[in-house]
file structure.cif (mmCIF, C-alpha atoms and all ligand atoms)
data_model
loop_
_atom_site.group_PDB
_atom_site.id
_atom_site.type_symbol
_atom_site.label_atom_id
_atom_site.label_comp_id
_atom_site.auth_asym_id
_atom_site.auth_seq_id
_atom_site.Cartn_x
_atom_site.Cartn_y
_atom_site.Cartn_z
ATOM 1 C CA MET A 26 243.995 123.514 125.311
ATOM 2 C CA SER A 27 242.865 123.971 121.744
ATOM 3 C CA SER A 28 245.031 122.805 118.857
ATOM 4 C CA PRO A 29 247.812 125.153 117.744
ATOM 5 C CA SER A 30 246.565 127.972 115.532
ATOM 6 C CA GLU A 31 247.776 128.468 111.987
ATOM 7 C CA PHE A 32 250.064 131.151 113.406
ATOM 8 C CA ASP A 33 251.831 128.637 115.628
ATOM 9 C CA GLN A 34 252.206 126.261 112.702
ATOM 10 C CA ALA A 35 253.383 128.822 110.177
ATOM 11 C CA PRO A 36 256.953 128.196 109.031
ATOM 12 C CA ARG A 37 259.283 130.591 110.786
ATOM 13 C CA GLU A 38 262.694 131.674 109.721
ATOM 14 C CA SER A 39 264.812 130.339 112.473
ATOM 15 C CA LEU A 40 268.403 130.791 113.442
ATOM 16 C CA GLU A 41 268.334 127.277 114.838
ATOM 17 C CA ASN A 42 267.280 125.689 111.538
ATOM 18 C CA SER A 43 269.956 127.424 109.617
ATOM 19 C CA THR A 44 272.525 125.010 108.258
ATOM 20 C CA ALA A 45 275.382 127.264 107.274
ATOM 21 C CA LEU A 46 277.115 128.592 110.334
ATOM 22 C CA PRO A 47 279.115 131.610 109.293
ATOM 23 C CA CYS A 48 282.811 132.084 109.747
ATOM 24 C CA GLU A 49 283.257 135.072 107.490
ATOM 25 C CA LEU A 50 280.397 137.374 106.655
ATOM 26 C CA SER A 51 279.953 137.924 102.930
ATOM 27 C CA ASP A 52 280.475 141.406 101.505
ATOM 28 C CA VAL A 53 276.727 141.733 100.896
ATOM 29 C CA VAL A 54 276.012 141.130 104.576
ATOM 30 C CA LYS A 55 278.835 143.433 105.628
ATOM 31 C CA GLN A 56 277.287 146.184 103.546
ATOM 32 C CA SER A 57 273.900 145.700 105.222
ATOM 33 C CA LEU A 58 275.003 145.606 108.826
ATOM 34 C CA PRO A 59 272.771 147.275 111.383
ATOM 35 C CA LYS A 60 274.202 150.451 112.906
ATOM 36 C CA HIS A 61 272.531 149.809 116.212
ATOM 37 C CA VAL A 62 271.852 146.376 117.708
ATOM 38 C CA ALA A 63 269.904 145.873 120.940
ATOM 39 C CA ILE A 64 269.822 142.567 122.800
ATOM 40 C CA ILE A 65 267.501 141.193 125.464
ATOM 41 C CA MET A 66 269.956 138.845 127.123
ATOM 42 C CA ASP A 67 267.598 136.194 128.465
ATOM 43 C CA GLY A 68 268.039 132.607 129.600
ATOM 44 C CA ASN A 69 270.827 132.748 132.194
ATOM 45 C CA GLY A 70 268.741 131.035 134.869
ATOM 46 C CA ARG A 71 267.587 128.215 132.594
ATOM 47 C CA TRP A 72 271.131 127.707 131.331
ATOM 48 C CA ALA A 73 272.313 127.214 134.929
ATOM 49 C CA GLN A 74 269.358 124.976 135.733
ATOM 50 C CA LEU A 75 270.180 122.726 132.775
ATOM 51 C CA GLN A 76 273.614 122.239 134.285
ATOM 52 C CA GLY A 77 272.221 121.579 137.733
ATOM 53 C CA LYS A 78 273.796 124.779 139.025
ATOM 54 C CA ALA A 79 272.519 127.827 140.894
ATOM 55 C CA ARG A 80 271.066 130.663 138.821
ATOM 56 C CA VAL A 81 273.982 132.922 139.672
ATOM 57 C CA SER A 82 276.368 130.709 137.716
ATOM 58 C CA GLY A 83 274.193 131.430 134.679
ATOM 59 C CA HIS A 84 274.613 135.148 135.271
ATOM 60 C CA LYS A 85 278.374 134.697 135.580
ATOM 61 C CA ALA A 86 278.480 132.727 132.333
ATOM 62 C CA GLY A 87 276.335 135.504 130.858
ATOM 63 C CA VAL A 88 279.132 137.993 131.516
ATOM 64 C CA LYS A 89 281.410 135.985 129.217
ATOM 65 C CA ALA A 90 278.745 136.142 126.518
ATOM 66 C CA VAL A 91 278.600 139.917 126.988
ATOM 67 C CA ARG A 92 282.344 140.113 126.416
ATOM 68 C CA ARG A 93 281.991 138.065 123.206
ATOM 69 C CA ALA A 94 279.103 140.183 121.917
ATOM 70 C CA VAL A 95 280.978 143.437 122.607
ATOM 71 C CA SER A 96 284.055 142.106 120.869
ATOM 72 C CA THR A 97 282.091 140.925 117.801
ATOM 73 C CA ALA A 98 280.165 144.204 117.524
ATOM 74 C CA SER A 99 283.389 146.169 117.902
ATOM 75 C CA GLN A 100 285.234 144.166 115.288
ATOM 76 C CA LEU A 101 282.388 144.485 112.796
ATOM 77 C CA GLY A 102 282.261 148.251 113.227
ATOM 78 C CA ILE A 103 278.708 148.309 114.564
ATOM 79 C CA GLU A 104 278.108 151.805 116.000
ATOM 80 C CA SER A 105 275.964 151.005 119.036
ATOM 81 C CA LEU A 106 275.218 147.890 121.048
ATOM 82 C CA THR A 107 272.494 148.107 123.678
ATOM 83 C CA LEU A 108 272.279 145.319 126.243
ATOM 84 C CA PHE A 109 269.353 144.759 128.615
ATOM 85 C CA ALA A 110 271.090 143.836 131.867
ATOM 86 C CA PHE A 111 268.484 144.533 134.547
ATOM 87 C CA SER A 112 264.901 145.597 134.039
ATOM 88 C CA SER A 113 262.802 147.801 136.293
ATOM 89 C CA GLU A 114 260.756 144.653 136.958
ATOM 90 C CA ASN A 115 263.768 142.523 137.945
ATOM 91 C CA TRP A 116 263.666 144.010 141.489
ATOM 92 C CA ARG A 117 260.792 141.598 142.013
ATOM 93 C CA ARG A 118 263.185 138.642 142.017
ATOM 94 C CA PRO A 119 264.308 137.063 145.298
ATOM 95 C CA ASP A 120 266.481 139.487 147.328
ATOM 96 C CA LYS A 121 269.421 137.124 147.155
ATOM 97 C CA GLU A 122 269.430 137.023 143.358
ATOM 98 C CA VAL A 123 269.050 140.812 143.135
ATOM 99 C CA SER A 124 271.984 141.454 145.454
ATOM 100 C CA LEU A 125 274.117 138.898 143.613
ATOM 101 C CA LEU A 126 273.328 140.667 140.364
ATOM 102 C CA MET A 127 274.306 144.020 141.904
ATOM 103 C CA GLU A 128 277.591 142.537 143.167
ATOM 104 C CA LEU A 129 278.271 141.084 139.741
ATOM 105 C CA PHE A 130 277.500 144.384 138.088
ATOM 106 C CA MET A 131 280.051 146.149 140.328
ATOM 107 C CA THR A 132 282.764 143.553 139.810
ATOM 108 C CA VAL A 133 282.283 143.589 136.050
ATOM 109 C CA LEU A 134 282.326 147.388 135.847
ATOM 110 C CA GLN A 135 285.697 147.448 137.604
ATOM 111 C CA ARG A 136 287.216 144.446 135.903
ATOM 112 C CA GLU A 137 286.228 145.220 132.312
ATOM 113 C CA LEU A 138 287.115 148.897 132.235
ATOM 114 C CA LYS A 139 290.655 148.336 130.973
ATOM 115 C CA LEU A 140 289.454 146.089 128.152
ATOM 116 C CA LEU A 141 286.737 148.583 127.144
ATOM 117 C CA ASN A 142 289.333 151.343 126.947
ATOM 118 C CA LYS A 143 291.754 149.147 125.048
ATOM 119 C CA ASN A 144 289.070 148.503 122.440
ATOM 120 C CA GLY A 145 287.901 152.122 122.274
ATOM 121 C CA VAL A 146 284.445 151.296 123.662
ATOM 122 C CA ARG A 147 282.366 154.108 125.168
ATOM 123 C CA LEU A 148 280.177 152.946 128.013
ATOM 124 C CA ASN A 149 276.773 154.524 128.526
ATOM 125 C CA ILE A 150 274.432 153.288 131.241
ATOM 126 C CA ILE A 151 270.745 153.863 130.544
ATOM 127 C CA GLY A 152 268.011 153.521 133.164
ATOM 128 C CA ASP A 153 267.095 154.988 136.518
ATOM 129 C CA ILE A 154 270.333 154.486 138.422
ATOM 130 C CA SER A 155 269.078 156.473 141.438
ATOM 131 C CA ARG A 156 267.744 153.247 142.933
ATOM 132 C CA PHE A 157 271.204 151.673 143.051
ATOM 133 C CA SER A 158 273.538 151.909 146.040
ATOM 134 C CA GLU A 159 275.711 155.030 146.286
ATOM 135 C CA ARG A 160 278.756 152.866 145.645
ATOM 136 C CA LEU A 161 277.365 151.414 142.440
ATOM 137 C CA GLN A 162 276.190 154.835 141.256
ATOM 138 C CA LYS A 163 279.698 156.180 141.804
ATOM 139 C CA GLN A 164 281.236 153.282 139.893
ATOM 140 C CA ILE A 165 278.855 153.858 137.009
ATOM 141 C CA THR A 166 279.745 157.565 136.867
ATOM 142 C CA THR A 167 283.477 156.787 137.011
ATOM 143 C CA ALA A 168 283.281 154.082 134.329
ATOM 144 C CA GLN A 169 281.353 156.374 132.004
ATOM 145 C CA ALA A 170 283.796 159.235 132.599
ATOM 146 C CA LYS A 171 286.816 157.016 131.967
ATOM 147 C CA THR A 172 285.503 155.839 128.587
ATOM 148 C CA LYS A 173 283.811 159.048 127.450
ATOM 149 C CA ASP A 174 286.458 160.019 124.894
ATOM 150 C CA ASN A 175 286.537 156.628 123.202
ATOM 151 C CA THR A 176 285.413 156.750 119.607
ATOM 152 C CA GLY A 177 284.670 153.090 118.859
ATOM 153 C CA LEU A 178 281.561 151.119 119.729
ATOM 154 C CA VAL A 179 279.015 152.790 122.011
ATOM 155 C CA LEU A 180 277.974 150.206 124.573
ATOM 156 C CA ASN A 181 274.651 151.087 126.200
ATOM 157 C CA VAL A 182 273.915 148.956 129.224
ATOM 158 C CA ALA A 183 270.297 149.112 130.349
ATOM 159 C CA ALA A 184 270.227 148.864 134.128
ATOM 160 C CA ASN A 185 267.044 149.412 136.129
ATOM 161 C CA TYR A 186 265.655 150.279 132.736
ATOM 162 C CA GLY A 187 262.071 150.161 131.576
ATOM 163 C CA GLY A 188 260.733 151.377 128.253
ATOM 164 C CA ARG A 189 257.741 152.954 129.980
ATOM 165 C CA TRP A 190 260.021 154.691 132.482
ATOM 166 C CA ASP A 191 262.049 156.120 129.596
ATOM 167 C CA ILE A 192 258.987 157.572 127.875
ATOM 168 C CA ALA A 193 257.651 158.926 131.197
ATOM 169 C CA GLN A 194 260.951 160.602 132.139
ATOM 170 C CA ALA A 195 261.119 162.216 128.698
ATOM 171 C CA ALA A 196 257.535 163.472 129.066
ATOM 172 C CA GLN A 197 258.369 164.807 132.538
ATOM 173 C CA ALA A 198 261.357 166.731 131.194
ATOM 174 C CA LEU A 199 259.188 168.361 128.528
ATOM 175 C CA ALA A 200 256.379 169.071 131.011
ATOM 176 C CA ALA A 201 258.884 170.910 133.225
ATOM 177 C CA LYS A 202 259.920 173.049 130.268
ATOM 178 C CA VAL A 203 256.308 173.845 129.432
ATOM 179 C CA ALA A 204 255.621 174.713 133.095
ATOM 180 C CA SER A 205 258.589 177.081 133.199
ATOM 181 C CA GLY A 206 257.512 178.725 129.956
ATOM 182 C CA GLU A 207 260.631 177.558 128.125
ATOM 183 C CA MET A 208 258.434 175.858 125.536
ATOM 184 C CA SER A 209 254.745 175.717 124.677
ATOM 185 C CA ALA A 210 252.466 172.669 124.754
ATOM 186 C CA GLU A 211 252.376 172.692 120.931
ATOM 187 C CA ASP A 212 256.139 172.135 120.914
ATOM 188 C CA VAL A 213 255.670 168.734 122.558
ATOM 189 C CA THR A 214 256.203 166.808 119.349
ATOM 190 C CA GLU A 215 257.646 163.404 118.494
ATOM 191 C CA GLY A 216 260.941 165.098 117.725
ATOM 192 C CA ALA A 217 261.021 166.960 121.047
ATOM 193 C CA LEU A 218 260.199 163.795 122.978
ATOM 194 C CA ASN A 219 262.809 161.889 121.014
ATOM 195 C CA LYS A 220 265.485 164.345 122.133
ATOM 196 C CA GLN A 221 264.756 163.493 125.773
ATOM 197 C CA MET A 222 264.827 159.714 125.358
ATOM 198 C CA SER A 223 267.792 157.576 126.393
ATOM 199 C CA MET A 224 270.353 157.101 123.615
ATOM 200 C CA GLN A 225 269.298 160.265 121.816
ATOM 201 C CA GLY A 226 271.948 161.249 119.294
ATOM 202 C CA GLN A 227 272.755 157.635 118.458
ATOM 203 C CA SER A 228 271.488 155.799 115.383
ATOM 204 C CA GLU A 229 268.013 154.275 115.534
ATOM 205 C CA VAL A 230 267.886 150.696 116.749
ATOM 206 C CA ASP A 231 267.898 148.619 113.549
ATOM 207 C CA LEU A 232 267.940 145.155 115.036
ATOM 208 C CA MET A 233 266.630 143.785 118.299
ATOM 209 C CA ILE A 234 267.565 140.246 119.305
ATOM 210 C CA ARG A 235 266.052 138.282 122.173
ATOM 211 C CA THR A 236 267.741 135.111 123.334
ATOM 212 C CA GLY A 237 266.137 132.446 125.521
ATOM 213 C CA GLY A 238 263.183 131.440 123.352
ATOM 214 C CA ASP A 239 260.487 133.854 124.540
ATOM 215 C CA TYR A 240 258.648 136.137 122.157
ATOM 216 C CA ARG A 241 258.166 139.360 124.066
ATOM 217 C CA ILE A 242 259.766 142.736 124.643
ATOM 218 C CA SER A 243 259.546 142.774 128.468
ATOM 219 C CA ASN A 244 259.372 146.584 128.663
ATOM 220 C CA PHE A 245 262.683 147.106 126.876
ATOM 221 C CA ILE A 246 263.197 149.996 124.432
ATOM 222 C CA LEU A 247 259.561 150.593 123.447
ATOM 223 C CA TRP A 248 260.146 153.945 121.773
ATOM 224 C CA GLN A 249 263.556 153.367 120.224
ATOM 225 C CA ALA A 250 262.698 149.971 118.721
ATOM 226 C CA ALA A 251 259.663 151.299 116.848
ATOM 227 C CA TYR A 252 261.105 150.195 113.504
ATOM 228 C CA ALA A 253 263.654 147.622 114.600
ATOM 229 C CA GLU A 254 263.795 144.221 112.964
ATOM 230 C CA LEU A 255 263.080 141.583 115.601
ATOM 231 C CA ILE A 256 264.936 138.301 115.868
ATOM 232 C CA PHE A 257 264.132 135.707 118.504
ATOM 233 C CA THR A 258 266.474 132.821 119.109
ATOM 234 C CA GLU A 259 266.191 129.743 121.321
ATOM 235 C CA THR A 260 269.865 130.097 122.239
ATOM 236 C CA LEU A 261 270.221 130.808 125.946
ATOM 237 C CA TRP A 262 272.250 133.954 126.620
ATOM 238 C CA PRO A 263 275.373 132.222 128.049
ATOM 239 C CA ASP A 264 275.600 130.227 124.780
ATOM 240 C CA PHE A 265 275.353 133.328 122.583
ATOM 241 C CA ASP A 266 278.578 133.426 120.610
ATOM 242 C CA GLU A 267 280.050 134.984 117.503
ATOM 243 C CA ASP A 268 278.363 132.445 115.215
ATOM 244 C CA VAL A 269 274.870 133.034 116.628
ATOM 245 C CA PHE A 270 275.452 136.796 116.442
ATOM 246 C CA LYS A 271 276.618 136.566 112.837
ATOM 247 C CA GLN A 272 273.694 134.329 111.927
ATOM 248 C CA ALA A 273 271.363 137.021 113.264
ATOM 249 C CA LEU A 274 273.186 139.607 111.154
ATOM 250 C CA ILE A 275 272.729 137.417 108.071
ATOM 251 C CA THR A 276 269.003 137.116 108.806
ATOM 252 C CA PHE A 277 268.848 140.895 109.292
ATOM 253 C CA ALA A 278 270.552 141.471 105.930
ATOM 254 C CA SER A 279 267.982 139.222 104.222
ATOM 255 C CA ARG A 280 265.006 141.230 105.490
ATOM 256 C CA GLN A 281 263.365 143.907 103.393
ATOM 257 C CA ARG A 282 262.800 146.973 105.573
ATOM 258 C CA ARG A 283 259.937 148.902 104.063
ATOM 259 C CA PHE A 284 259.235 151.684 106.594
ATOM 260 C CA GLY A 285 255.642 151.940 105.419
ATOM 261 C CA LEU A 286 256.459 151.908 101.705
ATOM 262 C CA THR A 287 255.524 149.083 99.372
ATOM 263 C CA GLY A 288 258.038 146.445 98.342
ATOM 264 C CA CYS A 289 257.822 147.819 94.804
ATOM 265 C CA GLN A 290 258.755 151.315 95.964
ATOM 266 C CA ILE A 291 261.727 149.933 97.886
ATOM 267 C CA GLU A 292 262.959 148.062 94.800
ATOM 268 C CA GLN A 293 262.727 151.267 92.761
ATOM 269 C CA ILE A 294 264.702 153.248 95.340
ATOM 270 C CA ARG A 295 267.357 150.521 95.437
ATOM 271 C CA ALA A 296 267.664 150.567 91.657
ATOM 272 C CA LEU A 297 268.407 154.291 91.584
HETATM 273 C C1 LIG A 301 268.428 137.156 132.018
HETATM 274 O O1 LIG A 301 268.362 135.823 132.368
HETATM 275 C C2 LIG A 301 269.230 137.959 133.015
HETATM 276 C C3 LIG A 301 268.430 138.896 133.810
HETATM 277 C C4 LIG A 301 267.168 139.140 133.674
HETATM 278 C C5 LIG A 301 269.163 139.634 134.846
HETATM 279 P P1 LIG A 301 267.260 135.284 133.359
HETATM 280 O O2 LIG A 301 267.803 135.376 134.758
HETATM 281 O O3 LIG A 301 265.968 135.966 133.158
HETATM 282 O O4 LIG A 301 267.172 133.775 132.931
HETATM 283 P P2 LIG A 301 265.865 132.885 132.820
HETATM 284 O O5 LIG A 301 264.898 133.588 131.915
HETATM 285 O O6 LIG A 301 265.321 132.735 134.201
HETATM 286 O O7 LIG A 301 266.352 131.598 132.243
HETATM 287 C C1 LIG A 302 264.204 140.624 130.460
HETATM 288 O O1 LIG A 302 264.306 139.327 130.921
HETATM 289 C C2 LIG A 302 265.147 141.508 131.227
HETATM 290 C C3 LIG A 302 266.555 141.297 130.960
HETATM 291 C C4 LIG A 302 267.062 140.518 130.057
HETATM 292 C C5 LIG A 302 267.442 142.065 131.768
HETATM 293 P P1 LIG A 302 263.283 138.759 132.012
HETATM 294 O O2 LIG A 302 263.649 137.342 132.217
HETATM 295 O O3 LIG A 302 263.269 139.623 133.216
HETATM 296 O O4 LIG A 302 261.907 138.908 131.251
HETATM 297 P P2 LIG A 302 260.500 138.214 131.557
HETATM 298 O O5 LIG A 302 260.241 138.413 133.018
HETATM 299 O O6 LIG A 302 260.647 136.772 131.223
HETATM 300 O O7 LIG A 302 259.534 138.899 130.659
HETATM 301 MG MG MG A 303 264.378 135.570 131.950
#
call {"tool": "encode", "arguments": {"input": "structure.cif", "output": "structure tokens"}}
result
Amino acid sequence: MSSPSEFDQAPRESLENSTALPCELSDVVKQSLPKHVAIIMDGNGRWAQLQGKARVSGHKAGVKAVRRAVSTASQLGIESLTLFAFSSENWRRPDKEVSLLMELFMTVLQRELKLLNKNGVRLNIIGDISRFSERLQKQITTAQAKTKDNTGLVLNVAANYGGRWDIAQAAQALAAKVASGEMSAEDVTEGALNKQMSMQGQSEVDLMIRTGGDYRISNFILWQAAYAELIFTETLWPDFDEDVFKQALITFASRQRRFGLTGCQIEQIRAL
């Protein structure tokens, strides 16, 4: 292999190198919180492996981290939290792991419902759930119905989700409308497509975090994360706690989001 490129050697802002672990977020950070946070919860298997345990114990520990993340997001008043739980590619895993994940998903849906309601969390499953068992589909529908009037955090759980699937299903919906004469081909705009995408009506994803040390998107929200700030952390998902979450929020608050403008333009807008 060749020597590391200058890109590999470039200093990176890193959650791991940060010295000050937060207890309380400062007012400045609180004023710059993202409205919508999405997380690729990766590293369960490696976490289990490090402990000499089966991968499934990593997934079980991952559920506890989900509970912590939901609680932190709720307490901070974040509007939407989107968690990548099972990708459209995860079916390729060994059958045993897939069925264990399905079992876990069902148990968690049942067990956590009370807590979600207590905390005013609205559950919204995104993804192609038609591939799940009838029983799981029913549980998903029931859980969503039972939390639908909650007005706190919106918790989107991506299950059998793929970013490409999402764009394709949105395009299909518009194509059907064009075919039926309900709309014309010229009406197929970014805005029209956007209305068909999962999570439409919620705030744009401001921050996307990936745990587990890999630097990729793995077919997660390709459309919705178009302008999200990206934060990658080495922390394995089962170790993701309030401090790591808050550290990510501090990093987010320190970023200048320019949306195509120049830094100078942004400063001028801020000064208004
Ligand atoms: C993420 O953890 C959970 C799912 C994809 C369901 P992994 O199971 O991918 O854990 P690693 O990446 O193998 O450590
Ligand atoms: C992404 O993790 C999917 C979820 C977190 C559910 P993976 O572990 O499946 O991603 P790859 O395969 O390493 O890209
Ligand atoms: Mg993984």
call {"tool": "axis_aligned_box", "arguments": {"input": "structure.cif", "around": "ligand LIG 301 (chain A)", "padding_each_side": "3 Å", "output": "JSON"}}
result
{"center_x": 267.1, "center_y": 135.6, "center_z": 133.4, "size_x": 10.3, "size_y": 14.0, "size_z": 8.9}
call {"tool": "residues_near_ligand", "arguments": {"input": "structure.cif", "ligand": "ligand LIG 301 (chain A)", "cutoff": "6 Å", "atoms": "all atoms listed in the file", "output": "MDAnalysis selection string"}}
result
chainID A and resid 66:71 110:111
call {"tool": "write_last_selection", "arguments": {"input": "structure.cif", "atoms": "C-alpha atoms", "output": "PDB file, in the coordinates of the input"}}
result
ATOM      1  CA  MET A  66     269.956 138.845 127.123  1.00  0.00           C
ATOM      2  CA  ASP A  67     267.598 136.194 128.465  1.00  0.00           C
ATOM      3  CA  GLY A  68     268.039 132.607 129.600  1.00  0.00           C
ATOM      4  CA  ASN A  69     270.827 132.748 132.194  1.00  0.00           C
ATOM      5  CA  GLY A  70     268.741 131.035 134.869  1.00  0.00           C
ATOM      6  CA  ARG A  71     267.587 128.215 132.594  1.00  0.00           C
ATOM      7  CA  ALA A 110     271.090 143.836 131.867  1.00  0.00           C
ATOM      8  CA  PHE A 111     268.484 144.533 134.547  1.00  0.00           C
TER       9      PHE A 111
END
call {"tool": "residues_around", "arguments": {"input": "structure.cif", "residues": "stretch 103-106 of chain A", "least_positions_apart": "5", "cutoff": "8 Å", "atoms": "all atoms listed in the file", "output": "compact mmCIF listing (two decimals) with C-alpha atoms, keeping the file's coordinate frame"}}
result
# COMPACT_ATOMS: atom_id res chain seq x y z
CA LEU A 58 275.00 145.61 108.83
CA PRO A 59 272.77 147.28 111.38
CA LYS A 60 274.20 150.45 112.91
CA HIS A 61 272.53 149.81 116.21
CA VAL A 62 271.85 146.38 117.71
CA ALA A 63 269.90 145.87 120.94
CA ILE A 64 269.82 142.57 122.80
CA VAL A 95 280.98 143.44 122.61
CA ALA A 98 280.17 144.20 117.52
CA GLY A 177 284.67 153.09 118.86
CA LEU A 178 281.56 151.12 119.73
CA VAL A 179 279.02 152.79 122.01
CA LEU A 180 277.97 150.21 124.57
CA ASN A 181 274.65 151.09 126.20
CA GLN A 227 272.76 157.64 118.46
CA SER A 228 271.49 155.80 115.38
call {"tool": "resolve_selection", "arguments": {"input": "structure.cif", "expression": "the PyMOL selection byres (((chain A and resi 186-191) around 8) and not hetatm)", "output": "MDAnalysis selection string"}}
result
chainID A and resid 109 111:114 151:153 183:185 192:195 222:223 244:248
call {"tool": "resolve_selection", "arguments": {"input": "structure.cif", "expression": "the PyMOL selection byres (((chain A and resi 164) around 12) and not hetatm)", "output": "list of chain:residue names"}}
result
A:Met127, A:Glu128, A:Phe130, A:Met131, A:Thr132, A:Val133, A:Leu134, A:Gln135, A:Arg136, A:Leu138, A:Leu148, A:Ile150, A:Ile154, A:Phe157, A:Ser158, A:Glu159, A:Arg160, A:Leu161, A:Gln162, A:Lys163, A:Ile165, A:Thr166, A:Thr167, A:Ala168, A:Gln169, A:Ala170, A:Lys171
call {"tool": "residues_around", "arguments": {"input": "structure.cif", "residues": "A:Ala198", "least_positions_apart": "2", "cutoff": "12 Å", "atoms": "all atoms listed in the file", "output": "ChimeraX atom specification"}}
result
/A:191-196,200-205,207-208,213,217-222
call {"tool": "closest_residue", "arguments": {"input": "structure.cif", "among": "A:Gln249, A:Gln56, A:Gln272, A:Gln100", "to": "A:Asp231", "atoms": "only C-alpha atoms"}}
result
A:Gln249
call {"tool": "closest_residue", "arguments": {"input": "structure.cif", "among": "A:Leu232, A:Ile256, A:Val91, A:Ile242", "to": "ligand LIG 302 (chain A)", "atoms": "all atoms listed in the file"}}
result
A:Ile242
call {"tool": "closest_residue", "arguments": {"input": "structure.cif", "among": "A:Glu137, A:Glu215, A:Gly206, A:Val88", "to": "A:Asp264", "atoms": "only C-alpha atoms"}}
result
A:Val88
call {"tool": "atom_distance", "arguments": {"input": "structure.cif", "atom1": "atom CA of A:Leu125", "atom2": "atom CA of A:Gln76"}}
result
19.1 Å
call {"tool": "atom_distance", "arguments": {"input": "structure.cif", "atom1": "atom CA of A:Lys121", "atom2": "atom CA of A:Gly238"}}
result
25.3 Å
call {"tool": "atom_distance", "arguments": {"input": "structure.cif", "atom1": "atom CA of A:Glu49", "atom2": "atom CA of A:Asn144"}}
result
20.9 Å
call {"tool": "closest_residue", "arguments": {"input": "structure.cif", "among": "A:Arg235, A:Arg156, A:Arg80, A:Arg295", "to": "ligand LIG 302 (chain A)", "atoms": "all atoms listed in the file"}}
result
A:Arg235
call {"tool": "closest_residue", "arguments": {"input": "structure.cif", "among": "A:Arg282, A:Lys89, A:His84, A:Lys143", "to": "ligand LIG 302 (chain A)", "atoms": "only C-alpha atoms and all ligand atoms"}}
result
A:His84
call {"tool": "decode", "arguments": {"input": "structure.cif", "residues": "stretch 271-275 of chain A", "atoms": "all heavy atoms", "output": "CSV table (one decimal), in the first residue's frame"}}
result
chain,number,residue,atom,x,y,z
A,271,LYS,N,-24.0,14.9,23.3
A,271,LYS,CA,-23.8,16.3,23.6
A,271,LYS,C,-22.6,16.8,22.9
A,271,LYS,O,-22.5,17.9,22.4
A,271,LYS,CB,-23.8,16.6,25.1
A,271,LYS,CG,-25.2,16.5,25.7
A,271,LYS,CD,-25.3,16.9,27.1
A,271,LYS,CE,-26.7,16.9,27.7
A,271,LYS,NZ,-26.7,17.2,29.1
A,272,GLN,N,-21.5,16.0,22.9
A,272,GLN,CA,-20.3,16.4,22.3
A,272,GLN,C,-20.5,16.7,20.8
A,272,GLN,O,-20.0,17.6,20.2
A,272,GLN,CB,-19.2,15.4,22.5
A,272,GLN,CG,-17.8,15.9,22.2
A,272,GLN,CD,-17.4,17.1,23.0
A,272,GLN,OE1,-17.4,17.0,24.3
A,272,GLN,NE2,-17.0,18.2,22.4
A,273,ALA,N,-21.3,15.8,20.2
A,273,ALA,CA,-21.7,16.0,18.8
A,273,ALA,C,-22.5,17.3,18.6
A,273,ALA,O,-22.3,18.0,17.6
A,273,ALA,CB,-22.5,14.8,18.3
A,274,LEU,N,-23.3,17.6,19.5
A,274,LEU,CA,-24.1,18.8,19.4
A,274,LEU,C,-23.3,20.0,19.5
A,274,LEU,O,-23.5,21.0,18.9
A,274,LEU,CB,-25.2,18.8,20.5
A,274,LEU,CG,-26.3,17.7,20.3
A,274,LEU,CD1,-27.2,17.6,21.5
A,274,LEU,CD2,-27.1,17.8,19.0
A,275,ILE,N,-22.2,19.9,20.4
A,275,ILE,CA,-21.3,21.0,20.5
A,275,ILE,C,-20.5,21.2,19.2
A,275,ILE,O,-20.3,22.4,18.7
A,275,ILE,CB,-20.3,20.8,21.7
A,275,ILE,CG1,-21.1,20.9,23.0
A,275,ILE,CG2,-19.2,21.8,21.7
A,275,ILE,CD1,-20.3,20.4,24.2
